[in-house]
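Structure file target_27.pdb (PDB, C-alpha atoms) follows.
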ATOM      1  CA  MET A 159       0.000   0.000   0.000
ATOM      2  CA  PRO A 160       1.431   3.438  -0.917
ATOM      3  CA  THR A 161       2.586   5.506   2.038
ATOM      4  CA  SER A 162       0.475   8.556   2.809
ATOM      5  CA  VAL A 163       2.592  11.384   4.224
ATOM      6  CA  GLU A 164       0.932  14.616   5.339
ATOM      7  CA  LYS A 165       2.212  17.266   2.967
ATOM      8  CA  ALA A 166       2.511  20.559   4.875
ATOM      9  CA  PRO A 167       4.084  19.231   8.110
ATOM     10  CA  MET A 168       6.534  17.096   6.140
ATOM     11  CA  ILE A 169       7.659  20.010   3.997
ATOM     12  CA  GLU A 170       8.067  22.278   7.006
ATOM     13  CA  ALA A 171      10.077  19.651   8.878
ATOM     14  CA  LEU A 172      12.393  19.209   5.891
ATOM     15  CA  VAL A 173      12.808  22.973   5.521
ATOM     16  CA  ALA A 174      13.548  23.217   9.252
ATOM     17  CA  GLN A 175      16.145  20.454   8.882
ATOM     18  CA  TRP A 176      17.870  22.298   6.048
ATOM     19  CA  GLN A 177      17.992  25.448   8.213
ATOM     20  CA  VAL A 178      19.415  23.525  11.175
ATOM     21  CA  ILE A 179      22.278  22.284   9.000
ATOM     22  CA  ASP A 180      22.854  25.786   7.591
ATOM     23  CA  ASP A 181      23.014  27.256  11.089
ATOM     24  CA  LEU A 182      25.284  24.460  12.299
ATOM     25  CA  VAL A 183      27.914  24.694   9.559
ATOM     26  CA  SER A 184      27.771  28.482   9.377
ATOM     27  CA  SER A 185      29.112  28.627  12.933
ATOM     28  CA  ILE A 186      32.155  26.386  12.410
ATOM     29  CA  SER A 187      35.719  27.382  11.522
ATOM     30  CA  ASP A 188      37.373  26.850   8.155
ATOM     31  CA  GLU A 189      39.495  24.156   9.788
ATOM     32  CA  GLN A 190      36.357  22.334  10.940
ATOM     33  CA  TRP A 191      34.841  22.768   7.452
ATOM     34  CA  GLN A 192      37.729  20.720   6.042
ATOM     35  CA  ALA A 193      37.788  18.162   8.889
ATOM     36  CA  ASP A 194      37.266  14.441   8.396
ATOM     37  CA  SER A 195      33.562  13.632   8.704
ATOM     38  CA  GLY A 196      34.093  10.042   9.789
ATOM     39  CA  LEU A 197      32.396   8.842   6.603
ATOM     40  CA  PRO A 198      34.817   7.100   4.202
ATOM     41  CA  GLY A 199      36.481   9.612   1.916
ATOM     42  CA  TRP A 200      34.313  12.557   2.994
ATOM     43  CA  THR A 201      35.135  15.789   4.804
ATOM     44  CA  VAL A 202      32.588  17.937   6.624
ATOM     45  CA  ALA A 203      32.431  20.080   3.468
ATOM     46  CA  ASP A 204      31.677  16.950   1.439
ATOM     47  CA  VAL A 205      28.696  16.082   3.648
ATOM     48  CA  VAL A 206      27.194  19.494   2.937
ATOM     49  CA  ALA A 207      28.023  19.203  -0.768
ATOM     50  CA  HIS A 208      26.323  15.793  -0.817
ATOM     51  CA  ILE A 209      23.076  17.362   0.402
ATOM     52  CA  VAL A 210      23.382  20.111  -2.216
ATOM     53  CA  GLY A 211      24.061  17.555  -4.925
ATOM     54  CA  THR A 212      21.101  15.383  -4.030
ATOM     55  CA  GLU A 213      18.718  18.334  -4.043
ATOM     56  CA  ASN A 214      20.189  19.473  -7.363
ATOM     57  CA  MET A 215      19.578  16.007  -8.765
ATOM     58  CA  LEU A 216      15.957  16.121  -7.590
ATOM     59  CA  ASP A 217      15.681  19.516  -9.267
ATOM     60  CA  GLY A 218      16.723  17.925 -12.551
ATOM     61  CA  ARG A 219      20.329  19.151 -12.672
ATOM     62  CA  GLU A 220      23.422  17.135 -13.545
ATOM     63  CA  ALA A 221      26.910  17.162 -12.040
ATOM     64  CA  ASP A 222      30.066  17.873 -13.969
ATOM     65  CA  SER A 223      31.844  14.605 -14.732
ATOM     66  CA  VAL A 224      35.540  15.110 -13.971
ATOM     67  CA  ARG A 225      36.838  11.581 -13.309
ATOM     68  CA  ASP A 226      35.864   7.925 -13.091
ATOM     69  CA  VAL A 227      34.713   7.412  -9.488
ATOM     70  CA  SER A 228      33.498   3.825  -9.855
ATOM     71  CA  GLY A 229      36.737   2.381  -8.496
ATOM     72  CA  LEU A 230      36.716   4.269  -5.202
ATOM     73  CA  PRO A 231      36.644   1.742  -2.336
ATOM     74  CA  HIS A 232      33.625   3.315  -0.603
ATOM     75  CA  VAL A 233      31.529   3.469  -3.795
ATOM     76  CA  LYS A 234      29.240   0.442  -3.917
ATOM     77  CA  ASN A 235      26.667   1.239  -6.613
ATOM     78  CA  SER A 236      25.453   3.755  -9.195
ATOM     79  CA  ILE A 237      23.985   6.036  -6.516
ATOM     80  CA  GLY A 238      27.381   6.114  -4.825
ATOM     81  CA  GLU A 239      28.965   7.086  -8.145
ATOM     82  CA  LEU A 240      26.439   9.898  -8.591
ATOM     83  CA  ASN A 241      27.146  11.129  -5.055
ATOM     84  CA  GLU A 242      30.866  11.244  -5.766
ATOM     85  CA  ARG A 243      30.376  13.140  -9.034
ATOM     86  CA  TRP A 244      28.494  15.842  -7.137
ATOM     87  CA  LEU A 245      31.262  15.987  -4.527
ATOM     88  CA  ASP A 246      33.823  16.456  -7.284
ATOM     89  CA  HIS A 247      31.614  19.182  -8.724
ATOM     90  CA  TYR A 248      31.793  21.161  -5.475
ATOM     91  CA  ARG A 249      35.328  20.392  -4.285
ATOM     92  CA  SER A 250      36.715  23.095  -6.549
ATOM     93  CA  ARG A 251      34.265  25.626  -5.099
ATOM     94  CA  SER A 252      34.896  27.821  -2.069
ATOM     95  CA  ARG A 253      33.002  27.392   1.183
ATOM     96  CA  ASP A 254      30.936  30.506   0.396
ATOM     97  CA  GLU A 255      30.074  29.140  -3.050
ATOM     98  CA  VAL A 256      28.977  25.779  -1.619
ATOM     99  CA  MET A 257      26.772  27.465   0.981
ATOM    100  CA  ALA A 258      25.298  29.813  -1.634
ATOM    101  CA  ALA A 259      24.423  26.763  -3.732
ATOM    102  CA  TYR A 260      22.969  25.050  -0.641
ATOM    103  CA  ARG A 261      20.688  27.999   0.115
ATOM    104  CA  GLU A 262      19.668  28.490  -3.504
ATOM    105  CA  VAL A 263      18.646  24.914  -4.176
ATOM    106  CA  THR A 264      16.931  24.272  -0.838
ATOM    107  CA  ALA A 265      14.916  27.493  -1.202
ATOM    108  CA  LYS A 266      13.868  26.482  -4.715
ATOM    109  CA  ARG A 267      12.978  22.955  -3.650
ATOM    110  CA  ALA A 268      10.927  24.276  -0.727
ATOM    111  CA  ALA A 269       9.003  26.661  -2.983
ATOM    112  CA  ASP A 270       8.406  23.956  -5.578
ATOM    113  CA  MET A 271       7.090  21.497  -2.992
ATOM    114  CA  ARG A 272       4.787  24.052  -1.388
ATOM    115  CA  ALA A 273       3.334  24.760  -4.833
ATOM    116  CA  MET A 274       2.683  21.079  -5.565
ATOM    117  CA  THR A 275      -0.848  19.750  -5.803
ATOM    118  CA  ASP A 276      -1.922  16.946  -3.481
ATOM    119  CA  GLU A 277      -2.105  14.702  -6.543
ATOM    120  CA  ALA A 278       1.543  15.376  -7.385
ATOM    121  CA  TRP A 279       2.568  14.914  -3.747
ATOM    122  CA  ASN A 280       0.935  11.497  -3.654
ATOM    123  CA  VAL A 281       2.027  10.241  -7.075
ATOM    124  CA  GLU A 282       3.843   6.897  -7.008
ATOM    125  CA  MET A 283       7.434   6.850  -8.208
ATOM    126  CA  PRO A 284      10.793   5.156  -7.592
ATOM    127  CA  THR A 285      12.221   6.136  -4.201
ATOM    128  CA  PRO A 286      15.221   4.972  -2.132
ATOM    129  CA  ALA A 287      12.726   2.803  -0.239
ATOM    130  CA  GLY A 288      11.252   1.217  -3.374
ATOM    131  CA  ARG A 289       8.272   2.374  -5.395
ATOM    132  CA  ASP A 290       6.195   4.680  -3.215
ATOM    133  CA  THR A 291       4.753   8.183  -3.084
ATOM    134  CA  PHE A 292       6.629  11.423  -3.628
ATOM    135  CA  GLY A 293       5.682  12.287  -0.044
ATOM    136  CA  ARG A 294       7.465   9.149   1.181
ATOM    137  CA  PHE A 295      10.498  10.192  -0.858
ATOM    138  CA  MET A 296      10.546  13.527   0.978
ATOM    139  CA  ARG A 297      10.270  11.723   4.300
ATOM    140  CA  VAL A 298      13.371   9.790   3.244
ATOM    141  CA  ARG A 299      15.062  13.083   2.303
ATOM    142  CA  ASN A 300      14.363  14.501   5.761
ATOM    143  CA  PHE A 301      15.722  11.301   7.311
ATOM    144  CA  ASP A 302      18.874  11.443   5.188
ATOM    145  CA  CYS A 303      19.508  15.104   6.013
ATOM    146  CA  TRP A 304      18.834  14.500   9.706
ATOM    147  CA  VAL A 305      21.318  11.615   9.759
ATOM    148  CA  HIS A 306      23.902  13.850   8.097
ATOM    149  CA  GLU A 307      23.299  16.507  10.758
ATOM    150  CA  MET A 308      24.131  13.772  13.268
ATOM    151  CA  ASP A 309      27.256  12.924  11.257
ATOM    152  CA  LEU A 310      28.379  16.557  11.306
ATOM    153  CA  ARG A 311      27.778  16.902  15.019
ATOM    154  CA  ASP A 312      29.549  13.635  15.807
ATOM    155  CA  ALA A 313      32.544  14.568  13.662
ATOM    156  CA  LEU A 314      32.919  17.985  15.269
ATOM    157  CA  GLY A 315      31.934  17.146  18.845
ATOM    158  CA  LEU A 316      28.856  19.390  18.721
ATOM    159  CA  GLY A 317      26.460  17.178  20.688
ATOM    160  CA  GLU A 318      23.313  15.571  19.336
ATOM    161  CA  PRO A 319      20.450  16.951  17.220
ATOM    162  CA  THR A 320      17.988  19.057  19.217
ATOM    163  CA  ALA A 321      15.165  19.905  16.775
ATOM    164  CA  PRO A 322      12.236  17.553  17.541
ATOM    165  CA  GLU A 323      10.190  17.936  14.335
ATOM    166  CA  PRO A 324      12.788  16.645  11.841
ATOM    167  CA  ALA A 325      13.818  13.960  14.348
ATOM    168  CA  THR A 326      10.211  12.806  14.715
ATOM    169  CA  TRP A 327       9.847  12.397  10.946
ATOM    170  CA  ALA A 328      13.224  10.659  10.794
ATOM    171  CA  LEU A 329      12.018   8.143  13.370
ATOM    172  CA  GLU A 330       8.805   7.664  11.379
ATOM    173  CA  GLU A 331      10.940   6.683   8.395
ATOM    174  CA  MET A 332      13.154   4.369  10.449
ATOM    175  CA  THR A 333      10.074   2.781  12.018
ATOM    176  CA  ALA A 334       8.958   1.651   8.562
ATOM    177  CA  THR A 335      12.107  -0.482   8.350
ATOM    178  CA  ILE A 336      12.105  -1.926  11.883
ATOM    179  CA  PRO A 337       9.818  -4.911  11.105
ATOM    180  CA  PHE A 338      12.201  -5.966   8.313
ATOM    181  CA  LEU A 339      15.149  -5.732  10.691
ATOM    182  CA  VAL A 340      13.387  -7.830  13.335
ATOM    183  CA  GLY A 341      11.733 -10.442  11.142
ATOM    184  CA  LYS A 342      13.957 -10.833   8.104
ATOM    185  CA  LYS A 343      17.436  -9.773   9.204
ATOM    186  CA  ALA A 344      17.353 -10.921  12.840
ATOM    187  CA  GLY A 345      15.186 -13.976  12.096
ATOM    188  CA  ALA A 346      12.750 -13.463  14.969
ATOM    189  CA  PRO A 347      10.552 -16.595  15.166
ATOM    190  CA  LYS A 348       6.849 -16.685  14.382
ATOM    191  CA  GLY A 349       4.808 -15.781  17.433
ATOM    192  CA  SER A 350       7.485 -13.557  18.954
ATOM    193  CA  ALA A 351       7.249  -9.844  19.618
ATOM    194  CA  ALA A 352       9.717  -7.037  20.214
ATOM    195  CA  THR A 353       9.379  -3.499  21.545
ATOM    196  CA  PHE A 354      11.733  -0.623  20.798
ATOM    197  CA  ASP A 355      11.556   1.906  23.623
ATOM    198  CA  PHE A 356      13.015   5.153  22.281
ATOM    199  CA  SER A 357      13.954   7.827  24.794
ATOM    200  CA  GLY A 358      15.446  11.301  24.629
ATOM    201  CA  LEU A 359      14.609  13.750  21.844
ATOM    202  CA  VAL A 360      11.754  11.618  20.432
ATOM    203  CA  PRO A 361      10.219   9.370  23.114
ATOM    204  CA  MET A 362       8.214   6.649  21.387
ATOM    205  CA  GLN A 363       7.527   2.938  21.571
ATOM    206  CA  VAL A 364       7.505   0.815  18.430
ATOM    207  CA  HIS A 365       6.008  -2.670  18.737
ATOM    208  CA  VAL A 366       6.724  -5.468  16.263
ATOM    209  CA  ALA A 367       4.722  -8.696  16.151
ATOM    210  CA  VAL A 368       5.927 -11.631  14.057
ATOM    211  CA  ASP A 369       3.321 -13.784  12.326
ATOM    212  CA  GLU A 370       3.843 -14.926   8.736
ATOM    213  CA  LYS A 371       5.973 -11.804   8.560
ATOM    214  CA  ALA A 372       6.943  -9.107  11.027
ATOM    215  CA  SER A 373       4.677  -6.082  11.251
ATOM    216  CA  ALA A 374       4.550  -2.907  13.309
ATOM    217  CA  VAL A 375       1.464  -2.883  15.530
ATOM    218  CA  PRO A 376      -0.067  -0.159  17.728
ATOM    219  CA  ALA A 377       0.105  -2.355  20.834
ATOM    220  CA  LEU A 378       0.876  -5.930  21.894
ATOM    221  CA  ASP A 379      -1.596  -8.320  23.504
ATOM    222  CA  ALA A 380       1.067  -9.470  25.966
ATOM    223  CA  PRO A 381       4.491  -8.244  27.100
ATOM    224  CA  ALA A 382       7.124  -8.330  24.367
ATOM    225  CA  ASP A 383       9.603 -11.183  24.345
ATOM    226  CA  VAL A 384      12.325  -8.564  24.236
ATOM    227  CA  THR A 385      12.459  -4.821  24.797
ATOM    228  CA  LEU A 386      15.297  -2.732  23.403
ATOM    229  CA  SER A 387      15.774   0.667  25.048
ATOM    230  CA  LEU A 388      17.832   3.338  23.298
ATOM    231  CA  THR A 389      17.718   6.851  21.876
ATOM    232  CA  VAL A 390      16.693   7.602  18.306
ATOM    233  CA  VAL A 391      20.201   8.984  17.698
ATOM    234  CA  ASP A 392      21.864   5.771  18.865
ATOM    235  CA  PHE A 393      19.471   3.781  16.670
ATOM    236  CA  ALA A 394      20.428   5.917  13.655
ATOM    237  CA  ARG A 395      24.121   5.433  14.389
ATOM    238  CA  LEU A 396      23.672   1.668  14.475
ATOM    239  CA  ALA A 397      21.401   1.659  11.413
ATOM    240  CA  GLY A 398      24.024   3.600   9.470
ATOM    241  CA  ASP A 399      27.064   1.821  10.942
ATOM    242  CA  ARG A 400      28.432   5.220  11.913
ATOM    243  CA  PRO A 401      31.773   5.711  13.715
ATOM    244  CA  LYS A 402      30.069   6.307  17.076
ATOM    245  CA  ALA A 403      27.726   3.310  16.735
ATOM    246  CA  ASP A 404      27.963   1.130  19.850
ATOM    247  CA  PRO A 405      25.730  -1.900  20.486
ATOM    248  CA  ALA A 406      26.385  -1.390  24.197
ATOM    249  CA  ASP A 407      24.179   1.728  23.997
ATOM    250  CA  VAL A 408      21.150  -0.593  23.649
ATOM    251  CA  LEU A 409      19.646  -1.929  26.878
ATOM    252  CA  ILE A 410      18.135  -5.390  26.269
ATOM    253  CA  ALA A 411      15.428  -6.700  28.594
ATOM    254  CA  GLY A 412      13.861 -10.132  28.146
ATOM    255  CA  ASP A 413      15.077 -12.652  25.582
ATOM    256  CA  ALA A 414      18.780 -11.803  25.477
ATOM    257  CA  GLU A 415      19.511 -14.033  22.482
ATOM    258  CA  LEU A 416      16.770 -12.505  20.369
ATOM    259  CA  GLY A 417      17.701  -9.023  21.535
ATOM    260  CA  SER A 418      21.337  -9.564  20.616
ATOM    261  CA  ALA A 419      20.340 -10.860  17.178
ATOM    262  CA  ILE A 420      18.227  -7.746  16.570
ATOM    263  CA  VAL A 421      20.960  -5.335  17.690
ATOM    264  CA  THR A 422      23.526  -7.134  15.530
ATOM    265  CA  ASN A 423      21.280  -6.685  12.495
ATOM    266  CA  LEU A 424      20.225  -3.052  12.877
ATOM    267  CA  HIS A 425      22.563  -1.854  10.117
ATOM    268  CA  TYR A 426      20.627  -1.308   6.894
ATOM    269  CA  MET A 427      21.662   2.082   5.511
ATOM    270  CA  ILE A 428      24.096   2.159   2.594
TER
END
Could you write out this file's structure as structure tokens?
Amino acid sequence: MPTSVEKAPMIEALVAQWQVIDDLVSSISDEQWQADSGLPGWTVADVVAHIVGTENMLDGREADSVRDVSGLPHVKNSIGELNERWLDHYRSRSRDEVMAAYREVTAKRAADMRAMTDEAWNVEMPTPAGRDTFGRFMRVRNFDCWVHEMDLRDALGLGEPTAPEPATWALEEMTATIPFLVGKKAGAPKGSAATFDFSGLVPMQVHVAVDEKASAVPALDAPADVTLSLTVVDFARLAGDRPKADPADVLIAGDAELGSAIVTNLHYMI
């Protein structure tokens, strides 16, 4: 079933996320701008350029092709190649030029989305999460940008994200993947159930019941076989196999074997 995502709140959360990143990187030094991001082959500047490049791509623009990037060790697929071409495009630009491009394209994308009809917002199309609605694609974009804010903060020692609206939508997107992680990747047996108890910036419980397949459910009829307690930021670090990801940040209560299998299989982001 196509994913219905409420248009106005989603757009405003994404716009807020773009502004958070702008404010964050505008306050750092030139030395920090060129610092290692912790992501293979990428500096802090590259993380920002990646966001610019992706939004340019969604706006129908193409990157300059300056070299063959397919052989880079951290490039795994065609999307990775496209990402690297956009990074090359911006590596010859100054910090001010990159930020001007960031502000120009995000402002245009925001205006274009606000002008969209509901029909266009809900049209089905290819997305990073498979064929789904344009609205789902923008929920993925918010998630991706929010994770990169986390990357920037982790790389520079600037604490954790503090804006609840983008984080809430990011967790909504991650929640859509949790049943797959529990049922398919971790191999939770039929009849079992797991609860993710998220604390901190976005307190929320996500319940997964396993029948013929694992599904997210509003509530469980009985206590979960295992409860995993963590913050949404720590979940994102584990899901993305980020440098600060630490399985020890997850508190497991109940079936320790099942809980360990779930934590071991939380990585799903490319």
Provide the atom CA of Val340 of chain A to atom CA of Ala372 of chain A distance in Å, to one decimal place. 7.0 Å
Would you list the residues near (7.5, 14.1, 1.9) (no more than 12 Å away, in the coordinates of the file, using all atoms listed in the file) as a ChimeraX atom specification? /A:161-173,267-268,271-272,274,276,278-281,285,290-301,324,327-328,330-331
Which one of A:Glu415, A:Asp194, A:Glu220, A:Glu255 sits closest to Gly345 of chain A if you count all atoms listed in the file?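 So, comparing all the options, the nearest one is A:Glu415.
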In Å, how far is it from atom CA of Met427 of chain A to atom CA of Met283 of chain A?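 Pair atom CA of Met427 of chain A / atom CA of Met283 of chain A returns 20.3 Å.
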Residues selected by the PyMOL selection byres ((chain A and resi 351) around 12), written as a ChimeraX atom specification: /A:337,340-341,345-350,352-354,364-369,371-375,377-386,412-413,416-417,420
What do you get, as number ranges by chain, if you spell out every residue that the PyMOL selection byres ((chain A and resi 398) around 12) selects here? A: 196-197, 301-302, 305-306, 308-309, 332, 391-397, 399-404, 423-428
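Taking atom CA of Pro286 of chain A and atom CA of Cys303 of chain A as endpoints, the distance between them is 13.7 Å.
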Name the residues that the PyMOL selection byres ((chain A and resi 247) around 8) pulls out of this structure, and write them as a VMD selection string. chain A and resid 221 to 224 243 to 246 248 to 251
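Proximity of A:Met159, A:Val205, A:Val390, A:Leu339 to Gly358 of chain A, computed with all atoms listed in the file, is greatest for A:Val390.
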From the set A:Lys343, A:Glu213, A:Asn241, A:Leu316, which residue has the shortest atom-to-atom contact distance to Asp270 of chain A, counting all atoms listed in the file?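 Going through A:Lys343, A:Glu213, A:Asn241, A:Leu316 one by one, the smallest distance to Asp270 of chain A is for A:Glu213.
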Which residues, written as a VMD selection string, have at least one atom at most 9 Å from Ala321 of chain A, with all atoms listed in the file counted and residues fewer than 5 positions away on the same chain left out? chain A and resid 174 to 175 178 326 359
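Of the residues under consideration (A:Ala313, A:Gly211, A:Ala411, A:Ala334), A:Ala334 shows the shortest atom-to-atom contact distance to Ala287 of chain A when counting all atoms listed in the file.
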Any idea what's packed within 12 Å of Met257 of chain A, counting only C-alpha atoms, ignoring anything in its chain fewer than 3 positions away? Could you give it as a PyMOL selection string? chain A and resi 176-177+179-184+191+203-211+248+251-254+260-264
